[in-house]
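work.cif, holding mmCIF, C-alpha atoms (C1' of nucleotides):
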```cif
data_input
loop_
_atom_site.group_PDB
_atom_site.id
_atom_site.type_symbol
_atom_site.label_atom_id
_atom_site.label_comp_id
_atom_site.auth_asym_id
_atom_site.auth_seq_id
_atom_site.Cartn_x
_atom_site.Cartn_y
_atom_site.Cartn_z
ATOM 1 C CA MET P 204 -74.063 45.432 117.083
ATOM 2 C CA THR P 205 -73.300 48.646 115.326
ATOM 3 C CA ALA P 206 -73.552 46.751 112.075
ATOM 4 C CA LYS P 207 -77.216 46.108 112.789
ATOM 5 C CA ILE P 208 -77.880 49.792 113.301
ATOM 6 C CA ASP P 209 -75.930 50.671 110.200
ATOM 7 C CA ASP P 210 -77.840 48.164 108.139
ATOM 8 C CA LEU P 211 -81.137 49.418 109.394
ATOM 9 C CA PHE P 212 -80.476 53.115 109.107
ATOM 10 C CA HIS P 213 -78.232 53.554 106.123
ATOM 11 C CA GLU P 214 -79.655 50.991 103.761
ATOM 12 C CA GLU P 215 -83.086 49.764 104.750
ATOM 13 C CA CYS P 216 -84.486 52.836 106.308
ATOM 14 C CA PRO P 217 -84.688 55.227 103.389
ATOM 15 C CA LYS P 218 -86.663 52.579 101.522
ATOM 16 C CA VAL P 219 -88.866 51.628 104.415
ATOM 17 C CA SER P 220 -89.428 55.275 105.048
ATOM 18 C CA ARG P 221 -90.641 55.726 101.512
ATOM 19 C CA VAL P 222 -93.257 53.009 101.953
ATOM 20 C CA LEU P 223 -94.451 54.391 105.244
ATOM 21 C CA SER P 224 -94.723 57.897 103.859
ATOM 22 C CA ARG P 225 -97.091 56.656 101.237
ATOM 23 C CA LEU P 226 -99.257 55.009 103.875
ATOM 24 C CA GLY P 227 -99.047 58.042 106.083
ATOM 25 C CA ASP P 228 -101.224 60.152 103.872
ATOM 26 C CA LYS P 229 -104.664 60.881 105.100
ATOM 27 C CA TRP P 230 -106.618 58.171 103.331
ATOM 28 C CA SER P 231 -104.511 55.289 102.004
ATOM 29 C CA VAL P 232 -104.642 53.177 105.116
ATOM 30 C CA LEU P 233 -108.386 53.564 105.505
ATOM 31 C CA ILE P 234 -109.014 52.443 101.967
ATOM 32 C CA VAL P 235 -106.665 49.477 102.259
ATOM 33 C CA VAL P 236 -108.475 48.328 105.373
ATOM 34 C CA LEU P 237 -111.881 48.912 103.801
ATOM 35 C CA LEU P 238 -111.050 46.855 100.722
ATOM 36 C CA ARG P 239 -110.027 43.880 102.839
ATOM 37 C CA ASP P 240 -113.620 42.693 102.889
ATOM 38 C CA ARG P 241 -114.515 42.903 99.231
ATOM 39 C CA ALA P 242 -114.294 44.980 96.058
ATOM 40 C CA TYR P 243 -115.868 48.425 96.155
ATOM 41 C CA ARG P 244 -117.021 50.823 93.491
ATOM 42 C CA PHE P 245 -115.779 54.378 93.326
ATOM 43 C CA ASN P 246 -118.760 56.159 94.790
ATOM 44 C CA GLU P 247 -119.311 53.363 97.246
ATOM 45 C CA ILE P 248 -115.900 54.082 98.746
ATOM 46 C CA LYS P 249 -116.648 57.777 98.695
ATOM 47 C CA ARG P 250 -119.849 57.247 100.664
ATOM 48 C CA THR P 251 -118.205 54.935 103.175
ATOM 49 C CA VAL P 252 -115.078 56.927 103.872
ATOM 50 C CA SER P 253 -116.901 60.010 104.991
ATOM 51 C CA GLY P 254 -115.044 63.240 104.578
ATOM 52 C CA ILE P 255 -112.976 62.331 101.565
ATOM 53 C CA SER P 256 -113.329 64.545 98.532
ATOM 54 C CA GLN P 257 -113.753 63.107 95.080
ATOM 55 C CA GLN P 258 -110.331 64.342 94.103
ATOM 56 C CA MET P 259 -108.520 62.884 97.029
ATOM 57 C CA LEU P 260 -110.222 59.561 96.457
ATOM 58 C CA THR P 261 -109.124 59.549 92.829
ATOM 59 C CA ARG P 262 -105.571 60.496 93.754
ATOM 60 C CA THR P 263 -105.316 58.014 96.588
ATOM 61 C CA LEU P 264 -106.636 55.181 94.447
ATOM 62 C CA ARG P 265 -104.192 56.076 91.662
ATOM 63 C CA ASN P 266 -101.282 55.964 94.078
ATOM 64 C CA LEU P 267 -102.377 52.648 95.530
ATOM 65 C CA GLU P 268 -102.818 51.301 92.040
ATOM 66 C CA ARG P 269 -99.390 52.557 91.062
ATOM 67 C CA ASP P 270 -97.870 50.817 94.071
ATOM 68 C CA GLY P 271 -99.512 47.569 93.033
ATOM 69 C CA LEU P 272 -101.662 47.442 96.165
ATOM 70 C CA VAL P 273 -105.035 47.968 94.536
ATOM 71 C CA SER P 274 -106.352 46.815 91.199
ATOM 72 C CA ARG P 275 -108.886 48.663 89.112
ATOM 73 C CA LYS P 276 -111.408 46.915 86.911
ATOM 74 C CA THR P 277 -113.739 48.760 84.566
ATOM 75 C CA TYR P 278 -116.972 47.312 83.252
ATOM 76 C CA PRO P 279 -118.084 48.916 80.018
ATOM 77 C CA THR P 280 -121.697 49.162 81.088
ATOM 78 C CA SER P 281 -123.893 52.209 81.046
ATOM 79 C CA PRO P 282 -123.520 54.005 83.328
ATOM 80 C CA PRO P 283 -119.837 53.090 83.571
ATOM 81 C CA GLN P 284 -118.825 51.000 86.507
ATOM 82 C CA VAL P 285 -115.394 50.746 88.090
ATOM 83 C CA GLU P 286 -114.434 48.333 90.813
ATOM 84 C CA TYR P 287 -111.462 48.551 93.118
ATOM 85 C CA SER P 288 -110.046 45.614 95.058
ATOM 86 C CA LEU P 289 -106.886 44.677 96.894
ATOM 87 C CA THR P 290 -104.175 42.804 95.060
ATOM 88 C CA ASP P 291 -102.328 39.979 96.799
ATOM 89 C CA LEU P 292 -99.692 42.498 97.746
ATOM 90 C CA GLY P 293 -102.375 44.762 99.131
ATOM 91 C CA HIS P 294 -103.850 41.964 101.178
ATOM 92 C CA SER P 295 -100.498 41.074 102.664
ATOM 93 C CA LEU P 296 -99.967 44.724 103.562
ATOM 94 C CA SER P 297 -103.350 44.981 105.204
ATOM 95 C CA GLU P 298 -102.292 42.561 107.928
ATOM 96 C CA PRO P 299 -99.630 44.692 109.625
ATOM 97 C CA VAL P 300 -101.653 47.798 108.855
ATOM 98 C CA LEU P 301 -104.638 46.373 110.662
ATOM 99 C CA ALA P 302 -102.414 45.548 113.630
ATOM 100 C CA LEU P 303 -101.306 49.149 113.730
ATOM 101 C CA GLY P 304 -104.918 50.265 113.475
ATOM 102 C CA GLU P 305 -105.823 48.087 116.425
ATOM 103 C CA TRP P 306 -102.992 49.612 118.415
ATOM 104 C CA ALA P 307 -104.181 53.096 117.546
ATOM 105 C CA LYS P 308 -107.734 52.286 118.567
ATOM 106 C CA THR P 309 -106.569 50.824 121.860
ATOM 107 C CA HIS P 310 -104.144 53.533 122.850
ATOM 108 C CA LEU P 311 -105.741 56.645 121.451
ATOM 109 C CA GLY P 312 -107.007 57.642 124.863
ATOM 110 C CA GLU P 313 -103.511 57.538 126.308
ATOM 111 C CA ILE P 314 -102.186 59.681 123.491
ATOM 112 C CA ASP P 315 -104.903 62.271 123.978
ATOM 113 C CA ALA P 316 -104.212 62.327 127.701
ATOM 114 C CA ALA P 317 -100.493 62.757 127.119
ATOM 115 C CA GLN P 318 -101.119 65.611 124.715
ATOM 116 C CA THR P 319 -103.368 67.388 127.163
ATOM 117 C CA ARG P 320 -100.771 67.046 129.894
ATOM 118 C CA PHE P 321 -98.019 68.274 127.605
ATOM 119 C CA ASP P 322 -99.968 71.273 126.356
ATOM 120 C CA ARG P 323 -101.047 72.212 129.844
ATOM 121 C CA ARG P 324 -97.443 72.348 130.970
ATOM 122 C CA ALA P 325 -96.283 74.215 127.886
ATOM 123 C CA GLU P 326 -98.927 76.910 128.353
ATOM 124 C CA LYS P 327 -97.571 78.148 131.620
ATOM 125 C CA MET Z 145 -122.211 43.406 109.080
ATOM 126 C CA THR Z 146 -122.854 46.935 108.021
ATOM 127 C CA ALA Z 147 -122.631 47.878 111.656
ATOM 128 C CA LYS Z 148 -119.022 46.794 111.656
ATOM 129 C CA ILE Z 149 -118.191 49.024 108.724
ATOM 130 C CA ASP Z 150 -120.065 51.911 110.239
ATOM 131 C CA ASP Z 151 -118.269 51.519 113.520
ATOM 132 C CA LEU Z 152 -114.956 51.395 111.838
ATOM 133 C CA PHE Z 153 -115.455 54.227 109.409
ATOM 134 C CA HIS Z 154 -117.632 56.736 111.149
ATOM 135 C CA GLU Z 155 -116.318 56.568 114.677
ATOM 136 C CA GLU Z 156 -112.973 54.866 114.958
ATOM 137 C CA CYS Z 157 -111.435 55.857 111.731
ATOM 138 C CA PRO Z 158 -111.056 59.595 112.080
ATOM 139 C CA LYS Z 159 -109.245 58.954 115.337
ATOM 140 C CA VAL Z 160 -107.131 56.122 114.065
ATOM 141 C CA SER Z 161 -106.372 58.214 111.044
ATOM 142 C CA ARG Z 162 -105.059 60.961 113.260
ATOM 143 C CA VAL Z 163 -102.622 58.603 114.962
ATOM 144 C CA LEU Z 164 -101.424 57.145 111.696
ATOM 145 C CA SER Z 165 -100.919 60.570 110.185
ATOM 146 C CA ARG Z 166 -98.568 61.450 112.957
ATOM 147 C CA LEU Z 167 -96.542 58.323 112.274
ATOM 148 C CA GLY Z 168 -96.624 58.996 108.579
ATOM 149 C CA ASP Z 169 -94.294 61.943 108.783
ATOM 150 C CA LYS Z 170 -90.848 61.479 107.456
ATOM 151 C CA TRP Z 171 -88.972 60.623 110.645
ATOM 152 C CA SER Z 172 -91.191 59.556 113.550
ATOM 153 C CA VAL Z 173 -91.223 55.877 112.794
ATOM 154 C CA LEU Z 174 -87.487 55.692 112.290
ATOM 155 C CA ILE Z 175 -86.830 57.297 115.647
ATOM 156 C CA VAL Z 176 -89.310 55.068 117.434
ATOM 157 C CA VAL Z 177 -87.627 51.989 116.023
ATOM 158 C CA LEU Z 178 -84.172 53.331 116.823
ATOM 159 C CA LEU Z 179 -85.052 53.996 120.441
ATOM 160 C CA ARG Z 180 -86.263 50.434 120.939
ATOM 161 C CA ASP Z 181 -82.736 49.363 121.800
ATOM 162 C CA ARG Z 182 -81.767 52.001 124.315
ATOM 163 C CA ALA Z 183 -81.809 55.685 125.185
ATOM 164 C CA TYR Z 184 -80.071 58.046 122.766
ATOM 165 C CA ARG Z 185 -78.730 61.547 123.089
ATOM 166 C CA PHE Z 186 -79.809 64.303 120.722
ATOM 167 C CA ASN Z 187 -76.769 64.443 118.504
ATOM 168 C CA GLU Z 188 -76.405 60.707 118.654
ATOM 169 C CA ILE Z 189 -79.797 60.363 116.992
ATOM 170 C CA LYS Z 190 -78.871 63.046 114.509
ATOM 171 C CA ARG Z 191 -75.744 61.154 113.513
ATOM 172 C CA THR Z 192 -77.536 57.819 113.249
ATOM 173 C CA VAL Z 193 -80.574 58.934 111.299
ATOM 174 C CA SER Z 194 -78.619 60.317 108.403
ATOM 175 C CA GLY Z 195 -80.302 63.016 106.432
ATOM 176 C CA ILE Z 196 -82.360 64.536 109.203
ATOM 177 C CA SER Z 197 -81.823 68.200 109.915
ATOM 178 C CA GLN Z 198 -81.431 69.527 113.410
ATOM 179 C CA GLN Z 199 -84.764 71.255 113.170
ATOM 180 C CA MET Z 200 -86.696 68.279 111.996
ATOM 181 C CA LEU Z 201 -85.170 66.185 114.735
ATOM 182 C CA THR Z 202 -86.224 68.728 117.331
ATOM 183 C CA ARG Z 203 -89.725 68.940 115.927
ATOM 184 C CA THR Z 204 -90.147 65.208 115.615
ATOM 185 C CA LEU Z 205 -88.933 64.572 119.132
ATOM 186 C CA ARG Z 206 -91.271 67.253 120.492
ATOM 187 C CA ASN Z 207 -94.220 65.653 118.766
ATOM 188 C CA LEU Z 208 -93.321 62.196 120.010
ATOM 189 C CA GLU Z 209 -92.882 63.605 123.501
ATOM 190 C CA ARG Z 210 -96.218 65.368 123.260
ATOM 191 C CA ASP Z 211 -97.882 62.102 122.243
ATOM 192 C CA GLY Z 212 -96.382 60.384 125.274
ATOM 193 C CA LEU Z 213 -94.313 58.029 123.133
ATOM 194 C CA VAL Z 214 -90.881 59.359 124.022
ATOM 195 C CA SER Z 215 -89.558 60.762 127.263
ATOM 196 C CA ARG Z 216 -86.892 63.426 127.561
ATOM 197 C CA LYS Z 217 -84.421 63.540 130.402
ATOM 198 C CA THR Z 218 -81.953 66.356 130.883
ATOM 199 C CA TYR Z 219 -78.772 66.023 132.884
ATOM 200 C CA PRO Z 220 -77.508 69.373 134.156
ATOM 201 C CA THR Z 221 -73.901 68.609 133.282
ATOM 202 C CA SER Z 222 -71.535 70.733 131.310
ATOM 203 C CA PRO Z 223 -71.880 70.513 128.399
ATOM 204 C CA PRO Z 224 -75.611 69.892 128.787
ATOM 205 C CA GLN Z 225 -76.803 66.401 128.069
ATOM 206 C CA VAL Z 226 -80.270 65.309 126.994
ATOM 207 C CA GLU Z 227 -81.400 61.751 126.670
ATOM 208 C CA TYR Z 228 -84.419 60.430 124.794
ATOM 209 C CA SER Z 229 -86.012 57.058 125.387
ATOM 210 C CA LEU Z 230 -89.259 55.260 124.624
ATOM 211 C CA THR Z 231 -92.019 55.310 127.184
ATOM 212 C CA ASP Z 232 -94.045 52.148 127.821
ATOM 213 C CA LEU Z 233 -96.571 53.465 125.340
ATOM 214 C CA GLY Z 234 -93.788 54.018 122.843
ATOM 215 C CA HIS Z 235 -92.510 50.503 123.309
ATOM 216 C CA SER Z 236 -95.938 49.018 122.767
ATOM 217 C CA LEU Z 237 -96.271 51.058 119.586
ATOM 218 C CA SER Z 238 -92.921 49.928 118.298
ATOM 219 C CA GLU Z 239 -94.173 46.356 117.971
ATOM 220 C CA PRO Z 240 -96.753 46.844 115.215
ATOM 221 C CA VAL Z 241 -94.541 49.498 113.662
ATOM 222 C CA LEU Z 242 -91.695 47.059 113.419
ATOM 223 C CA ALA Z 243 -94.021 44.525 111.833
ATOM 224 C CA LEU Z 244 -94.922 47.085 109.209
ATOM 225 C CA GLY Z 245 -91.246 47.852 108.723
ATOM 226 C CA GLU Z 246 -90.558 44.189 108.099
ATOM 227 C CA TRP Z 247 -93.313 44.099 105.548
ATOM 228 C CA ALA Z 248 -91.900 47.147 103.825
ATOM 229 C CA LYS Z 249 -88.427 45.655 103.727
ATOM 230 C CA THR Z 250 -89.760 42.414 102.276
ATOM 231 C CA HIS Z 251 -92.055 43.841 99.659
ATOM 232 C CA LEU Z 252 -90.326 46.999 98.576
ATOM 233 C CA GLY Z 253 -89.050 45.335 95.442
ATOM 234 C CA GLU Z 254 -92.573 44.429 94.384
ATOM 235 C CA ILE Z 255 -93.728 47.977 94.929
ATOM 236 C CA ASP Z 256 -90.890 49.390 92.865
ATOM 237 C CA ALA Z 257 -91.649 46.913 90.097
ATOM 238 C CA ALA Z 258 -95.328 47.822 90.152
ATOM 239 C CA GLN Z 259 -94.512 51.510 89.936
ATOM 240 C CA THR Z 260 -92.211 51.001 87.004
ATOM 241 C CA ARG Z 261 -94.865 49.001 85.193
ATOM 242 C CA PHE Z 262 -97.514 51.591 85.930
ATOM 243 C CA ASP Z 263 -95.390 54.529 84.829
ATOM 244 C CA ARG Z 264 -94.329 52.770 81.672
ATOM 245 C CA ARG Z 265 -97.934 52.271 80.664
ATOM 246 C CA ALA Z 266 -98.925 55.814 81.603
ATOM 247 C CA GLU Z 267 -96.150 57.310 79.492
ATOM 248 C CA LYS Z 268 -97.487 56.037 76.226
ATOM 249 C "C1'" DC W 184 -74.419 70.312 123.329
ATOM 250 C "C1'" DG W 185 -78.950 71.054 122.443
ATOM 251 C "C1'" DG W 186 -81.647 73.738 121.158
ATOM 252 C "C1'" DT W 187 -84.929 78.336 119.084
ATOM 253 C "C1'" DA W 188 -86.303 81.802 115.366
ATOM 254 C "C1'" DT W 189 -86.936 83.005 110.691
ATOM 255 C "C1'" DC W 190 -87.838 82.308 106.176
ATOM 256 C "C1'" DC W 191 -88.724 79.939 101.841
ATOM 257 C "C1'" DA W 192 -89.744 75.964 98.619
ATOM 258 C "C1'" DT W 193 -92.414 72.109 97.975
ATOM 259 C "C1'" DT W 194 -96.069 69.163 98.770
ATOM 260 C "C1'" DC W 195 -100.637 68.063 100.218
ATOM 261 C "C1'" DT W 196 -105.436 68.904 100.531
ATOM 262 C "C1'" DG W 197 -109.744 70.376 99.115
ATOM 263 C "C1'" DA W 198 -113.467 73.229 96.784
ATOM 264 C "C1'" DT W 199 -115.412 74.122 92.510
ATOM 265 C "C1'" DA W 200 -116.457 73.467 87.839
ATOM 266 C "C1'" DC W 201 -116.590 70.650 83.846
ATOM 267 C "C1'" DT W 202 -116.566 65.927 80.846
ATOM 268 C "C1'" DG W 203 -117.315 61.231 78.469
ATOM 269 C "C1'" DC V 241 -120.993 57.052 87.375
ATOM 270 C "C1'" DA V 242 -116.386 58.032 87.398
ATOM 271 C "C1'" DG V 243 -113.588 60.799 86.566
ATOM 272 C "C1'" DT V 244 -110.170 65.476 84.912
ATOM 273 C "C1'" DA V 245 -108.710 70.519 85.311
ATOM 274 C "C1'" DT V 246 -107.710 74.443 87.802
ATOM 275 C "C1'" DC V 247 -106.584 77.073 91.586
ATOM 276 C "C1'" DA V 248 -106.031 78.525 96.432
ATOM 277 C "C1'" DG V 249 -104.744 77.629 101.184
ATOM 278 C "C1'" DA V 250 -102.535 74.726 104.618
ATOM 279 C "C1'" DA V 251 -99.201 71.753 106.133
ATOM 280 C "C1'" DT V 252 -94.579 69.962 105.744
ATOM 281 C "C1'" DG V 253 -89.648 70.014 105.032
ATOM 282 C "C1'" DG V 254 -85.360 72.062 105.265
ATOM 283 C "C1'" DA V 255 -81.484 75.752 105.164
ATOM 284 C "C1'" DT V 256 -79.470 79.229 107.795
ATOM 285 C "C1'" DA V 257 -78.390 81.961 111.686
ATOM 286 C "C1'" DC V 258 -78.300 82.709 116.430
ATOM 287 C "C1'" DC V 259 -78.570 81.461 121.813
ATOM 288 C "C1'" DG V 260 -77.853 79.548 126.781
#
```
What's the structure tokens form of this structure?
Amino acid sequence: MTAKIDDLFHEECPKVSRVLSRLGDKWSVLIVVLLRDRAYRFNEIKRTVSGISQQMLTRTLRNLERDGLVSRKTYPTSPPQVEYSLTDLGHSLSEPVLALGEWAKTHLGEIDAAQTRFDRRAEK
Amino acid sequence: MTAKIDDLFHEECPKVSRVLSRLGDKWSVLIVVLLRDRAYRFNEIKRTVSGISQQMLTRTLRNLERDGLVSRKTYPTSPPQVEYSLTDLGHSLSEPVLALGEWAKTHLGEIDAAQTRFDRRAEK
DNA sequence: CGGTATCCATTCTGATACTG
DNA sequence: CAGTATCAGAATGGATACCG
């Protein structure tokens, strides 16, 4: 009983937390979900994920690549061409991430409503 | 085809992103998963989630309460007693979150290995 | 016990300019 | 096209002290 809690919170949880922190940044999840369909080129991602700066896209892709979730392939053409796609690990991650995305889409209204209620009460 | 992408990335995604960012902070997810079992008191959570400061716990709980994911009940006893529990919305969220947690637990080793490989190559 | 207030270090994010 | 470099501002995290 307590052992379960201990296991979860003193051994697993710092690690799990680390993974979730990475996904919690502003763009990682969006890119993982986008790349589910097919490989994308750098500027193609930039155009699709509106609002992301070139720098943030570079940084996010580097992190995902470092984590082994995304693979980067360069084609020595002119102009240079770079393609990003999900690795197997990335694909397996995209499943639970998509589920979470679905939840968010479904329940966003309730969250907004709750926030409004909360803020209204706090104001007084 | 393109419509699907557009829908996802120009309407849904900023909103979904907002929800996921909230969960991406260092403690929210851990507390949501903890509270799945039962209600917890303030210092009980603090003891269980080792490493969290009193302030961060307060802040995180306020945010979760504001989002309608956690409810706060005070008992006017002496000493004062405050109990936190998941709302229905919080419970429904905990499902996909737990799935993601399972994924993280399973694949953390692969991520660590990928990082080591990546860093080793970058060093040279 | 369960907070709030203050303050500081670190990290994250993004705009701008430049490069092979 | 696909980046890197630099720099500033915002957000986040946490330590400490104090309060009802």
Any chance you could dump chain P, least-squares fitted to chain Z on all C-alpha atoms in order, as an mmCIF file with C-alpha atoms, in the coordinates of the input?
```cif
data_model
loop_
_atom_site.group_PDB
_atom_site.id
_atom_site.type_symbol
_atom_site.label_atom_id
_atom_site.label_comp_id
_atom_site.auth_asym_id
_atom_site.auth_seq_id
_atom_site.Cartn_x
_atom_site.Cartn_y
_atom_site.Cartn_z
ATOM 1 C CA MET P 204 -122.380 43.525 108.828
ATOM 2 C CA THR P 205 -122.947 47.097 107.869
ATOM 3 C CA ALA P 206 -122.727 47.957 111.534
ATOM 4 C CA LYS P 207 -119.114 46.818 111.535
ATOM 5 C CA ILE P 208 -118.277 49.094 108.637
ATOM 6 C CA ASP P 209 -120.120 51.964 110.237
ATOM 7 C CA ASP P 210 -118.297 51.479 113.496
ATOM 8 C CA LEU P 211 -114.967 51.356 111.790
ATOM 9 C CA PHE P 212 -115.437 54.258 109.435
ATOM 10 C CA HIS P 213 -117.597 56.744 111.248
ATOM 11 C CA GLU P 214 -116.258 56.450 114.754
ATOM 12 C CA GLU P 215 -112.912 54.711 114.953
ATOM 13 C CA CYS P 216 -111.392 55.787 111.735
ATOM 14 C CA PRO P 217 -111.013 59.518 112.204
ATOM 15 C CA LYS P 218 -109.137 58.793 115.422
ATOM 16 C CA VAL P 219 -107.041 56.002 114.027
ATOM 17 C CA SER P 220 -106.310 58.173 111.066
ATOM 18 C CA ARG P 221 -105.007 60.877 113.340
ATOM 19 C CA VAL P 222 -102.539 58.480 114.946
ATOM 20 C CA LEU P 223 -101.342 57.150 111.635
ATOM 21 C CA SER P 224 -100.869 60.625 110.226
ATOM 22 C CA ARG P 225 -98.515 61.418 113.028
ATOM 23 C CA LEU P 226 -96.486 58.302 112.297
ATOM 24 C CA GLY P 227 -96.587 58.981 108.603
ATOM 25 C CA ASP P 228 -94.265 61.922 108.793
ATOM 26 C CA LYS P 229 -90.817 61.432 107.471
ATOM 27 C CA TRP P 230 -88.967 60.596 110.660
ATOM 28 C CA SER P 231 -91.189 59.533 113.565
ATOM 29 C CA VAL P 232 -91.224 55.855 112.771
ATOM 30 C CA LEU P 233 -87.474 55.680 112.298
ATOM 31 C CA ILE P 234 -86.833 57.279 115.645
ATOM 32 C CA VAL P 235 -89.333 55.051 117.432
ATOM 33 C CA VAL P 236 -87.644 51.984 116.006
ATOM 34 C CA LEU P 237 -84.183 53.320 116.810
ATOM 35 C CA LEU P 238 -85.055 53.998 120.441
ATOM 36 C CA ARG P 239 -86.266 50.440 120.939
ATOM 37 C CA ASP P 240 -82.738 49.369 121.794
ATOM 38 C CA ARG P 241 -81.763 51.999 124.315
ATOM 39 C CA ALA P 242 -81.817 55.698 125.176
ATOM 40 C CA TYR P 243 -80.076 58.042 122.762
ATOM 41 C CA ARG P 244 -78.752 61.555 123.061
ATOM 42 C CA PHE P 245 -79.812 64.299 120.704
ATOM 43 C CA ASN P 246 -76.775 64.428 118.477
ATOM 44 C CA GLU P 247 -76.413 60.687 118.638
ATOM 45 C CA ILE P 248 -79.812 60.342 116.987
ATOM 46 C CA LYS P 249 -78.880 63.010 114.491
ATOM 47 C CA ARG P 250 -75.749 61.110 113.496
ATOM 48 C CA THR P 251 -77.555 57.790 113.239
ATOM 49 C CA VAL P 252 -80.592 58.904 111.297
ATOM 50 C CA SER P 253 -78.639 60.270 108.398
ATOM 51 C CA GLY P 254 -80.324 62.981 106.433
ATOM 52 C CA ILE P 255 -82.376 64.504 109.199
ATOM 53 C CA SER P 256 -81.853 68.178 109.876
ATOM 54 C CA GLN P 257 -81.434 69.498 113.375
ATOM 55 C CA GLN P 258 -84.770 71.234 113.162
ATOM 56 C CA MET P 259 -86.709 68.252 112.012
ATOM 57 C CA LEU P 260 -85.164 66.161 114.751
ATOM 58 C CA THR P 261 -86.190 68.709 117.364
ATOM 59 C CA ARG P 262 -89.708 68.931 115.970
ATOM 60 C CA THR P 263 -90.143 65.197 115.624
ATOM 61 C CA LEU P 264 -88.924 64.560 119.154
ATOM 62 C CA ARG P 265 -91.265 67.249 120.504
ATOM 63 C CA ASN P 266 -94.224 65.646 118.773
ATOM 64 C CA LEU P 267 -93.324 62.195 120.030
ATOM 65 C CA GLU P 268 -92.883 63.606 123.495
ATOM 66 C CA ARG P 269 -96.224 65.358 123.268
ATOM 67 C CA ASP P 270 -97.888 62.101 122.258
ATOM 68 C CA GLY P 271 -96.390 60.389 125.282
ATOM 69 C CA LEU P 272 -94.310 58.031 123.146
ATOM 70 C CA VAL P 273 -90.884 59.366 124.031
ATOM 71 C CA SER P 274 -89.561 60.769 127.268
ATOM 72 C CA ARG P 275 -86.898 63.417 127.556
ATOM 73 C CA LYS P 276 -84.423 63.547 130.406
ATOM 74 C CA THR P 277 -81.958 66.381 130.879
ATOM 75 C CA TYR P 278 -78.776 66.080 132.894
ATOM 76 C CA PRO P 279 -77.522 69.414 134.152
ATOM 77 C CA THR P 280 -73.923 68.674 133.281
ATOM 78 C CA SER P 281 -71.577 70.796 131.255
ATOM 79 C CA PRO P 282 -71.905 70.539 128.357
ATOM 80 C CA PRO P 283 -75.633 69.893 128.737
ATOM 81 C CA GLN P 284 -76.805 66.409 128.032
ATOM 82 C CA VAL P 285 -80.275 65.304 126.992
ATOM 83 C CA GLU P 286 -81.407 61.731 126.665
ATOM 84 C CA TYR P 287 -84.409 60.446 124.785
ATOM 85 C CA SER P 288 -86.008 57.057 125.377
ATOM 86 C CA LEU P 289 -89.246 55.271 124.630
ATOM 87 C CA THR P 290 -92.011 55.316 127.194
ATOM 88 C CA ASP P 291 -94.030 52.168 127.846
ATOM 89 C CA LEU P 292 -96.555 53.466 125.370
ATOM 90 C CA GLY P 293 -93.790 54.014 122.860
ATOM 91 C CA HIS P 294 -92.497 50.507 123.337
ATOM 92 C CA SER P 295 -95.918 49.006 122.807
ATOM 93 C CA LEU P 296 -96.284 51.050 119.630
ATOM 94 C CA SER P 297 -92.925 49.936 118.332
ATOM 95 C CA GLU P 298 -94.156 46.362 118.007
ATOM 96 C CA PRO P 299 -96.741 46.864 115.255
ATOM 97 C CA VAL P 300 -94.551 49.538 113.712
ATOM 98 C CA LEU P 301 -91.676 47.115 113.447
ATOM 99 C CA ALA P 302 -93.997 44.582 111.822
ATOM 100 C CA LEU P 303 -94.925 47.171 109.244
ATOM 101 C CA GLY P 304 -91.258 47.973 108.732
ATOM 102 C CA GLU P 305 -90.521 44.321 108.116
ATOM 103 C CA TRP P 306 -93.310 44.191 105.567
ATOM 104 C CA ALA P 307 -91.932 47.249 103.818
ATOM 105 C CA LYS P 308 -88.445 45.783 103.709
ATOM 106 C CA THR P 309 -89.746 42.514 102.309
ATOM 107 C CA HIS P 310 -92.051 43.909 99.676
ATOM 108 C CA LEU P 311 -90.274 47.043 98.575
ATOM 109 C CA GLY P 312 -89.027 45.348 95.443
ATOM 110 C CA GLU P 313 -92.551 44.450 94.398
ATOM 111 C CA ILE P 314 -93.712 48.007 94.933
ATOM 112 C CA ASP P 315 -90.880 49.408 92.850
ATOM 113 C CA ALA P 316 -91.640 46.915 90.102
ATOM 114 C CA ALA P 317 -95.321 47.812 90.151
ATOM 115 C CA GLN P 318 -94.506 51.501 89.937
ATOM 116 C CA THR P 319 -92.220 50.985 86.984
ATOM 117 C CA ARG P 320 -94.883 48.984 85.190
ATOM 118 C CA PHE P 321 -97.525 51.586 85.945
ATOM 119 C CA ASP P 322 -95.405 54.518 84.821
ATOM 120 C CA ARG P 323 -94.349 52.738 81.670
ATOM 121 C CA ARG P 324 -97.963 52.238 80.688
ATOM 122 C CA ALA P 325 -98.968 55.772 81.611
ATOM 123 C CA GLU P 326 -96.202 57.266 79.468
ATOM 124 C CA LYS P 327 -97.559 55.975 76.221
#
```
Of W:DG203, W:DC191, W:DG186, W:DA198, the one sitting nearest DG260 in chain V when using only C-alpha atoms (C1' of nucleotides) is W:DG186
If you count all atoms listed in the file, the residue of Z:Val193, Z:Asn187, Z:Ile175, Z:Arg206 closest to Leu230 in chain Z turns out to be Z:Ile175
Interface residues on chain V facing chain P, 10 Å, all atoms listed in the file, written as number ranges by chain | V: 241-244
Return the neighbours of chain P among the residues of chain W, cut-off 9 Å, counting only C-alpha atoms (C1' of nucleotides), as a JSON list (two decimals) with C-alpha atoms (C1' of nucleotides), keeping the file's coordinate frame.
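Written output follows (iface.json):
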```
[["chain", "number", "residue", "atom", "x", "y", "z"],
["W", 195, "DC", "C1'", -100.64, 68.06, 100.22],
["W", 196, "DT", "C1'", -105.44, 68.90, 100.53],
["W", 197, "DG", "C1'", -109.74, 70.38, 99.12],
["W", 198, "DA", "C1'", -113.47, 73.23, 96.78]]
```
Of the candidates Z:Thr218, Z:Gln259, Z:Asn207, Z:Thr250, which shows the shortest atom-to-atom distance to chain P, using all atoms listed in the file?
->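 Counting all atoms listed in the file, the residue closest to chain P is Z:Gln259.
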